[in-house]
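Everything below concerns the one structure shown next.
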Amino acid sequence: MKKLEKAEIRKKTISELNDELVELKEELFKLRFQHATNQLENPQKLVSCRRDIARVKTILRERELRGIQE
């Protein structure tokens, strides 16, 4: 999975962001499982996935505070 860019995230609607968040959480679960069983080749993927989740949550929270409904 590639890094999500801020501009790319901001273009999405709230429902698309929620879907993206669910996908990222599933991906993080899989990565954690692979890491625990020593099958994860690149541990940096865990960090990247967590940061992507934080980016999506930040944008969702900003929109919630502004009251923007798309």
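For the structure tokens, the naming scheme is as follows: chains receive sequential letters (A, B, ...) according to their order of presentation, residues are indexed from 1 within each chain, and ligands are indexed from 1 in presentation order.
The list of residues with at least one atom within 8 Å of range 26-30 of chain A, based on only C-alpha atoms and without residues fewer than 4 positions apart in the same chain, reads A:Val22, A:Gln34, A:Leu46, A:Cys49, A:Arg50.
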For C-alpha atoms, I'd like the residues from the last selection saved as a PDB file, in the first residue's frame.
```pdb
ATOM      1  CA  VAL A  22     -11.917   0.423   7.622  1.00  0.00           C
ATOM      2  CA  GLN A  34       2.553 -11.031  10.153  1.00  0.00           C
ATOM      3  CA  LEU A  46       3.386  -0.943  10.200  1.00  0.00           C
ATOM      4  CA  CYS A  49      -0.161   2.151   7.917  1.00  0.00           C
ATOM      5  CA  ARG A  50      -0.577   3.719  11.373  1.00  0.00           C
TER       6      ARG A  50
END
```
**OP:** Could you please write out, as number ranges by chain, every residue of chain A that DSSP assigns to helix (DSSP H, G or I)?
**Re:** A: 6-10, 14-36, 44-66
Just to be explicit: take each residue in the selection above, keep N, CA and C atoms, and write the result as a compact mmCIF listing (two decimals), in the first residue's frame.
```txt
# COMPACT_ATOMS: atom_id res chain seq x y z
N LYS A 6 -2.02 14.05 1.66
CA LYS A 6 -3.06 14.89 2.26
C LYS A 6 -4.05 15.40 1.22
N ALA A 7 -3.54 15.87 0.10
CA ALA A 7 -4.42 16.41 -0.94
C ALA A 7 -5.37 15.34 -1.47
N GLU A 8 -4.85 14.13 -1.60
CA GLU A 8 -5.66 13.00 -2.08
C GLU A 8 -6.76 12.67 -1.08
N ILE A 9 -6.43 12.72 0.20
CA ILE A 9 -7.40 12.42 1.25
C ILE A 9 -8.48 13.50 1.32
N ARG A 10 -8.07 14.74 1.21
CA ARG A 10 -9.02 15.86 1.33
C ARG A 10 -10.05 15.88 0.21
N ILE A 14 -16.85 12.04 3.04
CA ILE A 14 -16.82 11.44 4.37
C ILE A 14 -17.03 9.94 4.30
N SER A 15 -17.96 9.49 3.47
CA SER A 15 -18.21 8.04 3.37
C SER A 15 -17.00 7.33 2.77
N GLU A 16 -16.34 7.95 1.80
CA GLU A 16 -15.13 7.36 1.22
C GLU A 16 -14.01 7.29 2.26
N LEU A 17 -13.92 8.32 3.09
CA LEU A 17 -12.90 8.32 4.15
C LEU A 17 -13.18 7.23 5.18
N ASN A 18 -14.45 7.04 5.51
CA ASN A 18 -14.80 5.97 6.46
C ASN A 18 -14.47 4.60 5.88
N ASP A 19 -14.73 4.40 4.59
CA ASP A 19 -14.38 3.14 3.94
C ASP A 19 -12.87 2.94 3.94
N GLU A 20 -12.14 4.00 3.65
CA GLU A 20 -10.68 3.95 3.64
C GLU A 20 -10.15 3.60 5.03
N LEU A 21 -10.77 4.15 6.05
CA LEU A 21 -10.36 3.89 7.43
C LEU A 21 -10.55 2.41 7.78
N VAL A 22 -11.66 1.84 7.37
CA VAL A 22 -11.92 0.42 7.62
C VAL A 22 -10.86 -0.44 6.92
N GLU A 23 -10.56 -0.11 5.68
CA GLU A 23 -9.55 -0.87 4.92
C GLU A 23 -8.18 -0.76 5.59
N LEU A 24 -7.83 0.42 6.04
CA LEU A 24 -6.53 0.62 6.68
C LEU A 24 -6.44 -0.15 7.99
N LYS A 25 -7.53 -0.18 8.75
CA LYS A 25 -7.52 -0.93 10.01
C LYS A 25 -7.38 -2.42 9.76
N GLU A 26 -8.03 -2.93 8.71
CA GLU A 26 -7.88 -4.34 8.35
C GLU A 26 -6.44 -4.63 7.94
N GLU A 27 -5.86 -3.72 7.16
CA GLU A 27 -4.48 -3.88 6.73
C GLU A 27 -3.53 -3.88 7.93
N LEU A 28 -3.77 -2.99 8.88
CA LEU A 28 -2.94 -2.93 10.08
C LEU A 28 -3.04 -4.23 10.88
N PHE A 29 -4.24 -4.78 10.98
CA PHE A 29 -4.42 -6.05 11.68
C PHE A 29 -3.59 -7.16 11.03
N LYS A 30 -3.65 -7.23 9.69
CA LYS A 30 -2.88 -8.24 8.97
C LYS A 30 -1.38 -8.04 9.16
N LEU A 31 -0.94 -6.79 9.12
CA LEU A 31 0.48 -6.50 9.29
C LEU A 31 0.95 -6.86 10.69
N ARG A 32 0.13 -6.58 11.70
CA ARG A 32 0.50 -6.94 13.07
C ARG A 32 0.60 -8.45 13.23
N PHE A 33 -0.31 -9.17 12.61
CA PHE A 33 -0.27 -10.63 12.68
C PHE A 33 1.00 -11.15 12.02
N GLN A 34 1.33 -10.62 10.85
CA GLN A 34 2.55 -11.03 10.15
C GLN A 34 3.79 -10.69 10.98
N HIS A 35 3.77 -9.55 11.63
CA HIS A 35 4.91 -9.14 12.45
C HIS A 35 5.08 -10.08 13.64
N ALA A 36 3.97 -10.48 14.24
CA ALA A 36 4.01 -11.36 15.40
C ALA A 36 4.53 -12.75 15.04
N GLN A 44 8.58 -1.32 8.44
CA GLN A 44 8.20 0.07 8.20
C GLN A 44 6.76 0.17 7.70
N LYS A 45 6.23 -0.91 7.14
CA LYS A 45 4.85 -0.91 6.68
C LYS A 45 3.88 -0.67 7.83
N LEU A 46 4.22 -1.18 9.02
CA LEU A 46 3.39 -0.94 10.20
C LEU A 46 3.30 0.55 10.50
N VAL A 47 4.43 1.21 10.50
CA VAL A 47 4.49 2.64 10.79
C VAL A 47 3.70 3.42 9.75
N SER A 48 3.91 3.07 8.50
CA SER A 48 3.24 3.76 7.40
C SER A 48 1.72 3.60 7.50
N CYS A 49 1.27 2.41 7.81
CA CYS A 49 -0.16 2.15 7.92
C CYS A 49 -0.77 2.93 9.08
N ARG A 50 -0.08 2.96 10.22
CA ARG A 50 -0.58 3.72 11.37
C ARG A 50 -0.67 5.21 11.05
N ARG A 51 0.31 5.71 10.34
CA ARG A 51 0.30 7.13 9.98
C ARG A 51 -0.82 7.45 8.99
N ASP A 52 -1.08 6.53 8.07
CA ASP A 52 -2.19 6.73 7.13
C ASP A 52 -3.52 6.77 7.89
N ILE A 53 -3.67 5.90 8.87
CA ILE A 53 -4.88 5.90 9.70
C ILE A 53 -5.02 7.24 10.42
N ALA A 54 -3.92 7.74 10.95
CA ALA A 54 -3.94 9.02 11.65
C ALA A 54 -4.32 10.16 10.70
N ARG A 55 -3.81 10.11 9.47
CA ARG A 55 -4.14 11.15 8.49
C ARG A 55 -5.65 11.16 8.19
N VAL A 56 -6.20 9.98 7.98
CA VAL A 56 -7.63 9.88 7.67
C VAL A 56 -8.47 10.36 8.85
N LYS A 57 -8.10 9.93 10.06
CA LYS A 57 -8.85 10.34 11.24
C LYS A 57 -8.77 11.85 11.46
N THR A 58 -7.62 12.43 11.16
CA THR A 58 -7.45 13.88 11.31
C THR A 58 -8.38 14.63 10.38
N ILE A 59 -8.44 14.21 9.13
CA ILE A 59 -9.31 14.88 8.16
C ILE A 59 -10.78 14.72 8.56
N LEU A 60 -11.15 13.52 9.01
CA LEU A 60 -12.53 13.30 9.46
C LEU A 60 -12.88 14.21 10.64
N ARG A 61 -11.96 14.35 11.56
CA ARG A 61 -12.20 15.19 12.74
C ARG A 61 -12.29 16.66 12.35
N GLU A 62 -11.44 17.10 11.43
CA GLU A 62 -11.49 18.49 10.97
C GLU A 62 -12.85 18.79 10.35
N ARG A 63 -13.34 17.87 9.55
CA ARG A 63 -14.64 18.08 8.90
C ARG A 63 -15.77 18.07 9.92
N GLU A 64 -15.63 17.21 10.93
CA GLU A 64 -16.65 17.14 11.98
C GLU A 64 -16.71 18.47 12.73
N LEU A 65 -15.56 19.03 13.03
CA LEU A 65 -15.53 20.29 13.77
C LEU A 65 -16.04 21.46 12.94
N ARG A 66 -15.81 21.42 11.65
CA ARG A 66 -16.29 22.49 10.77
C ARG A 66 -17.75 22.31 10.41
```
